[in-house]
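Here the structure is laid out as structure tokens; the discussion comes afterwards.
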Amino acid sequence: MLLGTGNPPADPDRSGPATAIVVNGTPYLIDMGAGVVRRAKSAVVEKGVVGLDPLKLRVVFVTHLHSDHTVGFPDLWLTPWVLGRRFPLEVYGPTGLSAMTRHLMEAYRVDFEVRTKDRKVYGGRTVAQAHQVNAHEIKAGVVYRDANITVTAFRTNHGMPSFGYRFDTPDRSIVISGDTTPTHATIDACHGCDVLIHEVLTREWLAKRPDFVRYAGDHHTTTTQLVDLANKARPRLLILYHGSISLRPNVDSERSSPTTVLREMSAYSGQVVVGRDLDVY
């Protein structure tokens, strides 16, 4: 399920990047952009995905440490804890994740101390041990496995330590790119997977942003490049997310419409859709 498909701009139609895979009622998150917990609750209320109740959010895999992918970290850590989560948060990601976690825990130290003290007064729901965050800095390869899922990380290219992930469940294989240029590692990770979720920038938008073209070439994937990658990876379904897209021109007239994105992807021979927040696949 797509919780957030947006970019750094404050788009009211698209929350920050966050994706959820739910297996047997157990949620696994990828990235924690702005609004992640409220989007999870929206999935429960609007889509009936009860596995995304905030109290169940326990494991998250981070593609990289850019702010738009991690600004929801304290929200994901603290909001469910305040509401009564009973277990620590487990976070997997690249080098630097442990330091980020330590600094966040220090930043919210007073909050933790006061809420813990107040709990004794009013009988609140907070559980001290559930305030813990266990940060796991990973390398390429299998990084997580339980009865529901096997998670394999692969290196991507985004100008900083970054990973994509492949999720193998009993009935489906899902690959998510994170932010990256086209890589053979993504193709190899998918190799006919059921679902490939990949970032994309349109040629139309880049033509309006000559200042961004060089950066995009070093750190992102264009529609032309994604057509080539997807024709080699051959996913059963290609989902476009975290793209240069706006759903309403009056919100952002510079970015492309979903129709334009799909037109630029027309050379791709497989099934492709533009992902929107709270889409379920």
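As shown in the structure tokens, the chain order sets the letters A, B, ...; within each chain, residues go from 1, and ligands are also counted from 1 in the order they appear.
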Per residue of segment 126-245 of chain A within 6 Å of segment 89-104 of chain A, record the nearest atom pair and its distance in Å to one decimal, counting only C-alpha atoms, with rows in chain order and ascending residue number, as a Markdown table.
| residue | atom | partner | partner_atom | distance |
| --- | --- | --- | --- | --- |
| A:Val133 | CA | A:Leu89 | CA | 4.8 |
| A:Asn134 | CA | A:Glu90 | CA | 4.9 |
| A:Ala135 | CA | A:Val91 | CA | 4.9 |
| A:His136 | CA | A:Tyr92 | CA | 4.7 |
| A:Glu137 | CA | A:Gly93 | CA | 5.2 |
| A:Ile138 | CA | A:Gly93 | CA | 5.7 |
| A:Pro161 | CA | A:Pro94 | CA | 5.9 |
Subject >> Residues flagged strand (DSSP E or B) by DSSP in segment 41-234 of chain A, as a ChimeraX atom specification >> reply: /A:59-61,89-93,133-137,141-145,150-155,163-168,173-176,195-199,201,222
Store the residues picked out above in a file with C-alpha atoms, as a PDB file, in the first residue's frame.
ATOM      1  CA  VAL A  59       9.448  -2.480  11.535  1.00  0.00           C
ATOM      2  CA  VAL A  60      10.625   0.063   8.961  1.00  0.00           C
ATOM      3  CA  PHE A  61      13.255  -0.056   6.220  1.00  0.00           C
ATOM      4  CA  LEU A  89      10.552   0.359  17.003  1.00  0.00           C
ATOM      5  CA  GLU A  90      12.953  -1.562  14.739  1.00  0.00           C
ATOM      6  CA  VAL A  91      14.542   0.573  12.006  1.00  0.00           C
ATOM      7  CA  TYR A  92      16.828  -0.759   9.257  1.00  0.00           C
ATOM      8  CA  GLY A  93      18.839   1.448   6.931  1.00  0.00           C
ATOM      9  CA  VAL A 133      14.355   2.488  18.999  1.00  0.00           C
ATOM     10  CA  ASN A 134      16.655  -0.263  17.740  1.00  0.00           C
ATOM     11  CA  ALA A 135      18.618   1.041  14.755  1.00  0.00           C
ATOM     12  CA  HIS A 136      20.182  -1.551  12.436  1.00  0.00           C
ATOM     13  CA  GLU A 137      22.745  -0.286   9.917  1.00  0.00           C
ATOM     14  CA  GLY A 141      21.964  -8.853   1.144  1.00  0.00           C
ATOM     15  CA  VAL A 142      19.233 -10.375   3.286  1.00  0.00           C
ATOM     16  CA  VAL A 143      18.625  -7.929   6.140  1.00  0.00           C
ATOM     17  CA  TYR A 144      15.437  -9.282   7.707  1.00  0.00           C
ATOM     18  CA  ARG A 145      13.439 -12.490   7.793  1.00  0.00           C
ATOM     19  CA  THR A 150      12.231 -12.037   3.584  1.00  0.00           C
ATOM     20  CA  VAL A 151      13.761  -8.620   2.920  1.00  0.00           C
ATOM     21  CA  THR A 152      16.819  -8.224   0.697  1.00  0.00           C
ATOM     22  CA  ALA A 153      18.622  -4.891   0.376  1.00  0.00           C
ATOM     23  CA  PHE A 154      20.528  -3.850  -2.749  1.00  0.00           C
ATOM     24  CA  ARG A 155      22.736  -0.840  -3.379  1.00  0.00           C
ATOM     25  CA  PHE A 163      19.359   1.049  -0.732  1.00  0.00           C
ATOM     26  CA  GLY A 164      16.434  -0.419  -2.571  1.00  0.00           C
ATOM     27  CA  TYR A 165      14.612  -3.417  -1.135  1.00  0.00           C
ATOM     28  CA  ARG A 166      13.058  -6.643  -2.375  1.00  0.00           C
ATOM     29  CA  PHE A 167      10.287  -8.174  -0.264  1.00  0.00           C
ATOM     30  CA  ASP A 168       9.431 -11.835  -0.757  1.00  0.00           C
ATOM     31  CA  SER A 173       7.563 -10.358  -4.707  1.00  0.00           C
ATOM     32  CA  ILE A 174       7.794  -6.577  -4.400  1.00  0.00           C
ATOM     33  CA  VAL A 175      10.763  -4.351  -5.217  1.00  0.00           C
ATOM     34  CA  ILE A 176      11.013  -0.674  -4.260  1.00  0.00           C
ATOM     35  CA  VAL A 195       5.514  -5.420  -8.388  1.00  0.00           C
ATOM     36  CA  LEU A 196       8.228  -2.826  -9.010  1.00  0.00           C
ATOM     37  CA  ILE A 197       7.705   0.547  -7.302  1.00  0.00           C
ATOM     38  CA  HIS A 198      10.085   3.068  -8.856  1.00  0.00           C
ATOM     39  CA  GLU A 199      10.726   6.802  -8.703  1.00  0.00           C
ATOM     40  CA  LEU A 201      11.005  12.357 -13.305  1.00  0.00           C
ATOM     41  CA  THR A 222      13.776   9.875 -16.024  1.00  0.00           C
TER      42      THR A 222
END
**OP:** Give the answer as one residue: which of A:His69, A:Arg109, A:Arg255, A:Arg209 has the shortest atom-to-atom distance to Gly178 of chain A, using only C-alpha atoms?
**Re:**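 Of A:His69, A:Arg109, A:Arg255, A:Arg209, the one nearest Gly178 of chain A, counting only C-alpha atoms, is A:His69.
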Original post:
Which is closer to Leu240 of chain A than all the others in A:Pro74, A:Gly48, A:Gly84, A:Gly6, using only C-alpha atoms?
Top reply: A:Gly6
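The list of residues with at least one atom within 9 Å of Ala230 of chain A, based on only C-alpha atoms and without residues fewer than 3 positions apart in the same chain, reads Ile187, Leu196, Gln225, Leu226, Val227, Ala233, Arg234, Pro235, Leu238, Tyr268, Ser269 and Gly270 of chain A.
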Keeping C-alpha atoms for every residue in the selection just given, could you write it to a file as a PDB file, in the first residue's frame?
ATOM      1  CA  ILE A 187      16.880  -4.949 -12.601  1.00  0.00           C
ATOM      2  CA  LEU A 196       8.228  -2.826  -9.010  1.00  0.00           C
ATOM      3  CA  GLN A 225      15.480   5.662 -18.502  1.00  0.00           C
ATOM      4  CA  LEU A 226      12.713   3.916 -16.598  1.00  0.00           C
ATOM      5  CA  VAL A 227      11.176   2.581 -19.813  1.00  0.00           C
ATOM      6  CA  ALA A 233      13.314  -5.983 -15.284  1.00  0.00           C
ATOM      7  CA  ARG A 234       9.880  -7.155 -16.553  1.00  0.00           C
ATOM      8  CA  PRO A 235       7.712  -6.640 -13.457  1.00  0.00           C
ATOM      9  CA  LEU A 238       5.166  -1.125 -12.496  1.00  0.00           C
ATOM     10  CA  TYR A 268       7.088   0.463 -21.925  1.00  0.00           C
ATOM     11  CA  SER A 269       5.389  -2.759 -22.977  1.00  0.00           C
ATOM     12  CA  GLY A 270       4.085  -3.823 -19.561  1.00  0.00           C
TER      13      GLY A 270
END
Subject >> Separation of atom CA of Asp31 of chain A from atom CA of Asp277 of chain A, in Å and rounded to one decimal >> reply: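 Computed distance, atom CA of Asp31 of chain A to atom CA of Asp277 of chain A, equals 14.0 Å.
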